[in-house]
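Coordinates from query-v2.txt are shown below (compact mmCIF, C-alpha atoms).
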```txt
# COMPACT_ATOMS: atom_id res chain seq x y z
CA MET A 1 81.80 -100.07 82.23
CA SER A 2 79.99 -100.03 78.89
CA ALA A 3 81.95 -102.89 77.44
CA ARG A 4 81.70 -106.58 76.78
CA ALA A 5 84.42 -109.17 77.08
CA SER A 6 86.41 -110.05 74.01
CA ARG A 7 87.94 -113.50 73.94
CA GLU A 8 89.69 -112.80 70.65
CA LEU A 9 91.86 -109.80 71.59
CA THR A 10 95.47 -110.64 70.80
CA PRO A 11 97.58 -110.24 73.96
CA VAL A 12 100.01 -107.34 73.99
CA GLY A 13 103.37 -108.51 72.69
CA ASP A 14 106.85 -107.33 71.83
CA ASP A 15 105.78 -106.17 68.35
CA ASP A 16 103.11 -103.81 69.71
CA HIS A 17 103.58 -100.05 69.89
CA VAL A 18 103.37 -99.15 73.56
CA LEU A 19 103.23 -95.79 75.30
CA GLY A 20 103.16 -95.46 79.07
CA ALA A 21 103.69 -97.97 81.83
CA ALA A 22 106.06 -100.89 81.28
CA GLU A 23 104.21 -102.81 84.01
CA PRO A 24 100.68 -101.46 83.68
CA GLN A 25 97.77 -101.59 86.06
CA LEU A 26 95.47 -100.83 83.12
CA THR A 27 95.96 -101.30 79.37
CA LEU A 28 94.16 -99.47 76.58
CA VAL A 29 94.47 -101.06 73.16
CA GLU A 30 93.47 -98.74 70.33
CA TYR A 31 92.79 -99.96 66.82
CA GLY A 32 93.30 -96.82 64.79
CA ASP A 33 93.68 -95.33 61.34
CA PHE A 34 96.04 -92.43 60.68
CA GLY A 35 93.41 -90.92 58.36
CA CYS A 36 90.52 -91.17 60.81
CA PRO A 37 89.31 -87.82 62.16
CA HIS A 38 87.99 -89.53 65.30
CA CYS A 39 91.41 -91.07 66.01
CA PHE A 40 92.90 -87.61 65.55
CA ALA A 41 90.36 -86.14 67.97
CA ALA A 42 91.10 -88.86 70.55
CA LYS A 43 94.89 -88.53 70.31
CA LEU A 44 95.55 -85.69 72.76
CA PRO A 45 92.94 -86.67 75.38
CA ILE A 46 94.18 -90.28 75.41
CA GLU A 47 97.83 -89.23 75.64
CA SER A 48 96.84 -86.90 78.47
CA LEU A 49 95.39 -89.88 80.36
CA VAL A 50 98.63 -91.80 79.81
CA ARG A 51 100.61 -88.88 81.29
CA ARG A 52 98.17 -88.49 84.19
CA PHE A 53 98.09 -92.14 85.29
CA GLU A 54 101.51 -93.76 85.80
CA GLY A 55 100.04 -97.25 85.66
CA LEU A 56 98.32 -96.75 82.29
CA ARG A 57 99.61 -98.26 79.06
CA LEU A 58 98.39 -97.36 75.56
CA VAL A 59 98.88 -99.83 72.73
CA TRP A 60 98.34 -98.67 69.13
CA ARG A 61 97.39 -101.21 66.50
CA HIS A 62 96.80 -100.41 62.85
CA PHE A 63 93.30 -100.62 61.41
CA PRO A 64 93.45 -98.48 58.24
CA ASP A 65 90.46 -98.22 55.93
CA ARG A 66 91.77 -97.62 52.40
CA GLU A 67 88.32 -96.84 51.05
CA LEU A 68 87.49 -94.14 53.61
CA HIS A 69 91.04 -92.85 53.98
CA PRO A 70 93.09 -93.42 50.82
CA GLY A 71 96.73 -94.06 51.59
CA ALA A 72 96.16 -94.71 55.31
CA ASP A 73 97.48 -98.24 54.80
CA LEU A 74 100.68 -96.79 53.34
CA ALA A 75 100.89 -94.33 56.24
CA ALA A 76 100.71 -97.33 58.59
CA GLU A 77 103.51 -99.01 56.64
CA LEU A 78 105.60 -95.83 56.83
CA SER A 79 105.08 -95.75 60.60
CA GLU A 80 106.45 -99.29 60.72
CA LEU A 81 109.58 -98.16 58.91
CA ALA A 82 109.91 -95.47 61.58
CA ALA A 83 109.28 -98.09 64.28
CA ALA A 84 112.15 -100.16 62.91
CA ARG A 85 114.31 -97.11 63.68
CA GLY A 86 112.82 -96.63 67.15
CA ASN A 87 110.64 -93.68 66.13
CA PHE A 88 107.11 -95.06 66.00
CA TRP A 89 105.55 -92.48 68.33
CA GLN A 90 107.19 -89.61 66.45
CA ALA A 91 105.69 -91.02 63.24
CA HIS A 92 102.36 -91.51 65.02
CA SER A 93 102.28 -87.82 65.98
CA LEU A 94 103.26 -86.69 62.50
CA LEU A 95 100.88 -88.96 60.60
CA LEU A 96 97.88 -88.67 62.91
CA ALA A 97 97.39 -85.02 62.09
CA GLY A 98 93.82 -84.60 60.93
CA ARG A 99 94.11 -85.50 57.26
CA ASP A 100 91.79 -88.04 55.71
CA ARG A 101 93.94 -89.11 52.78
CA PHE A 102 97.63 -89.57 52.07
CA SER A 103 99.43 -88.93 48.82
CA THR A 104 102.72 -90.58 47.94
CA GLU A 105 104.33 -87.14 47.93
CA GLY A 106 102.91 -86.37 51.38
CA LEU A 107 104.18 -89.65 52.76
CA LEU A 108 107.64 -89.05 51.33
CA ASP A 109 107.61 -85.57 52.91
CA ALA A 110 106.72 -87.26 56.21
CA ALA A 111 109.59 -89.71 55.69
CA SER A 112 111.93 -86.77 55.21
CA SER A 113 110.64 -85.12 58.39
CA LEU A 114 111.23 -88.37 60.23
CA GLU A 115 114.75 -88.58 58.77
CA LEU A 116 114.00 -91.96 57.21
CA GLY A 117 115.47 -91.22 53.81
CA VAL A 118 113.05 -90.41 51.02
CA SER A 119 114.54 -92.87 48.54
CA GLU A 120 114.49 -95.75 51.03
CA ALA A 121 110.97 -94.89 52.19
CA GLY A 122 109.74 -94.86 48.60
CA SER A 123 111.32 -98.25 47.96
CA VAL A 124 109.92 -99.72 51.18
CA LEU A 125 106.41 -98.46 50.39
CA ARG A 126 106.53 -99.72 46.79
CA ALA A 127 107.80 -103.13 47.92
CA GLY A 128 105.26 -103.45 50.74
CA THR A 129 108.07 -104.31 53.14
CA HIS A 130 105.94 -103.64 56.23
CA ARG A 131 102.54 -104.54 54.74
CA ARG A 132 102.37 -107.90 56.53
CA ARG A 133 102.86 -106.23 59.93
CA VAL A 134 99.91 -103.91 59.23
CA GLU A 135 97.78 -106.82 57.96
CA VAL A 136 98.44 -108.74 61.19
CA ASP A 137 97.03 -105.81 63.20
CA ILE A 138 94.00 -105.57 60.92
CA ALA A 139 93.31 -109.31 61.29
CA SER A 140 93.64 -109.12 65.07
CA GLY A 141 91.25 -106.17 65.16
CA GLU A 142 88.69 -108.00 63.06
CA ALA A 143 88.99 -111.08 65.27
CA ALA A 144 88.45 -108.93 68.35
CA GLY A 145 85.34 -107.27 66.91
CA ALA A 146 86.69 -103.94 65.69
CA HIS A 147 84.57 -102.57 62.87
CA GLY A 148 85.75 -98.97 62.69
CA THR A 149 88.15 -96.55 64.27
CA PRO A 150 88.97 -95.81 66.89
CA THR A 151 88.06 -99.02 68.66
CA PHE A 152 89.34 -99.24 72.21
CA PHE A 153 89.77 -102.20 74.52
CA VAL A 154 90.14 -101.59 78.24
CA ASP A 155 92.00 -104.49 79.83
CA GLY A 156 90.70 -106.76 77.10
CA GLN A 157 87.11 -105.53 77.08
CA ARG A 158 85.87 -103.70 74.01
CA LEU A 159 84.55 -100.26 74.80
CA ILE A 160 80.99 -99.98 73.59
CA GLY A 161 80.16 -96.35 72.98
CA HIS A 162 82.17 -93.21 72.45
CA TRP A 163 85.88 -93.04 73.21
CA ARG A 164 85.23 -89.97 75.40
CA GLN A 165 83.90 -92.39 78.04
CA LEU A 166 87.53 -93.23 78.75
CA ALA A 167 87.81 -89.90 80.62
CA GLN A 168 85.56 -91.49 83.29
CA ILE A 169 86.50 -95.15 82.91
CA VAL A 170 90.25 -94.73 83.36
CA PRO A 171 90.15 -92.60 86.54
CA ALA A 172 87.49 -94.89 88.00
CA ALA A 173 89.68 -97.94 87.34
CA PHE A 174 92.58 -96.33 89.19
CA GLU A 175 90.32 -95.32 92.10
CA ASP A 176 89.24 -98.96 92.41
CA THR A 177 92.88 -100.09 92.69
CA SER A 178 93.95 -97.58 95.36
```

Encoded form using structure tokens:
Amino acid sequence: MSARASRELTPVGDDDHVLGAAEPQLTLVEYGDFGCPHCFAAKLPIESLVRRFEGLRLVWRHFPDRELHPGADLAAELSELAAARGNFWQAHSLLLAGRDRFSTEGLLDAASSLELGVSEAGSVLRAGTHRRRVEVDIASGEAAGAHGTPTFFVDGQRLIGHWRQLAQIVPAAFEDTS
């Protein structure tokens, strides 16, 4: 695999956003940004791998870049409000939709679509209620060596190269375990 070990990757915990296997054979950790076009491009192929391999788990961690993708940090905070209601992956699908910037109005429209309550969502975003949660993900990504998005870790090893390599790496890992 084109990866090197990372000793700094925060172990997957109860606060992480997890899709796929509850008891995985293989874990992908993605540090992503809702405004990143590469994260958007990776979304469907990665979710397809999760559906294809029962033992695969995907973990999403926030790594927004406010300078490249204005408002992506607020989109991450909005997804945390949705997560508090048990709807993180619905928010993930809605927010990771190929845009590179987020307006307050657009985020409040997303909140409405997610049935979060526009007034409450506006208050939560203004107050930074979920900012700390996003900052924790960013810090863990930096400690693990993430510099941009998407950055993937395969069972704790940072993928060096393009995310499309996962289409070979994941099946090969499951062949090795059978």

Sorted by chain and rising residue number, which residues of segment 89-140 of chain A lie within 6 Å of segment 62-74 of chain A, and what are their closest atom pairs and distances in Å to one decimal, counting only C-alpha atoms, as a Markdown table?
```
| residue | atom | partner | partner_atom | distance |
| --- | --- | --- | --- | --- |
| A:Asp100 | CA | A:His69 | CA | 5.2 |
| A:Arg101 | CA | A:Pro70 | CA | 4.8 |
| A:Phe102 | CA | A:Gly71 | CA | 4.6 |
| A:Val134 | CA | A:His62 | CA | 5.9 |
| A:Asp137 | CA | A:His62 | CA | 5.4 |
| A:Ile138 | CA | A:Phe63 | CA | 5.0 |
```

Excluding Arg51 of chain A and any residue of its chain fewer than 4 positions from it, enumerate the residues within 10 Å of it, using all atoms listed in the file, and give them as JSON, numbers by chain.
-> {"A": [19, 20, 21, 45, 46, 47, 55, 56, 57]}

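Among the candidate residues A:Ile160, A:Val50, A:Val124, A:Leu96, the one lying nearest to Leu81 of chain A is A:Val124, with distances computed using only C-alpha atoms.
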
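Taking atom CA of Ser103 of chain A and atom CA of Asn87 of chain A as endpoints, the distance between them is 21.2 Å.
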
Selection near Gly13 of chain A, 12 Å with all atoms listed in the file, sequence-local residues under 2 positions removed, as a tab-separated table (two decimals) with C-alpha atoms, in the frame of the given file:
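Output contents, as saved in result.tsv:
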```tsv
chain	number	residue	atom	x	y	z
A	9	LEU	CA	91.86	-109.80	71.59
A	10	THR	CA	95.47	-110.64	70.80
A	11	PRO	CA	97.58	-110.24	73.96
A	15	ASP	CA	105.78	-106.17	68.35
A	16	ASP	CA	103.11	-103.81	69.71
A	17	HIS	CA	103.58	-100.05	69.89
A	18	VAL	CA	103.37	-99.15	73.56
A	22	ALA	CA	106.06	-100.89	81.28
A	29	VAL	CA	94.47	-101.06	73.16
A	59	VAL	CA	98.88	-99.83	72.73
A	60	TRP	CA	98.34	-98.67	69.13
A	61	ARG	CA	97.39	-101.21	66.50
A	137	ASP	CA	97.03	-105.81	63.20
```

Atom CA of Glu135 of chain A to atom CA of Glu8 of chain A: how many Å, to one decimal?
->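 Atom-to-atom, atom CA of Glu135 of chain A to atom CA of Glu8 of chain A, that is 16.2 Å.
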
Tell me, as a PyMOL selection string, which residues lie within 9 Å of Leu108 of chain A, counting all atoms listed in the file; anything in the same chain fewer than 6 positions away does not count.
-> chain A and resi 78+117-119+121-122

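Nearest-residue note for Ala76 of chain A: choosing from A:Ala146, A:Ala110, A:Leu49, A:Val154, the minimum distance belongs to A:Ala110, counting all atoms listed in the file.
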
Which of A:Pro37, A:Arg131, A:Glu142, A:Arg99 sits closest to Ser79 of chain A [using all atoms listed in the file] = A:Arg131

Do a neighbour search on segment 167-173 of chain A at 12 Å with only C-alpha atoms, toss out local chain neighbours closer than 3 positions, and write the hits as number ranges by chain.
-> A: 1-3, 25-28, 42, 44-50, 52-58, 152-155, 157, 159-164, 176-178

Nearest candidate to Ala82 of chain A (options A:His130, A:Arg158, A:His147, A:His38; using all atoms listed in the file) | A:His130

How big is the axis-aligned box, and where does its centre sit, when it encloses all atoms of segment 65-78 of chain A listed in the file and has 5 Å added on every side, reported in Å to one decimal as lines of an AutoDock Vina configuration file?
```
center_x = 96.5
center_y = -95.9
center_z = 54.7
size_x = 28.1
size_y = 16.2
size_z = 17.8
```

Grab the atom CA of Arg133 of chain A to atom CA of Glu80 of chain A distance for me, in Å with one decimal place.
->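 Computing the Euclidean distance for atom CA of Arg133 of chain A and atom CA of Glu80 of chain A yields 7.9 Å.
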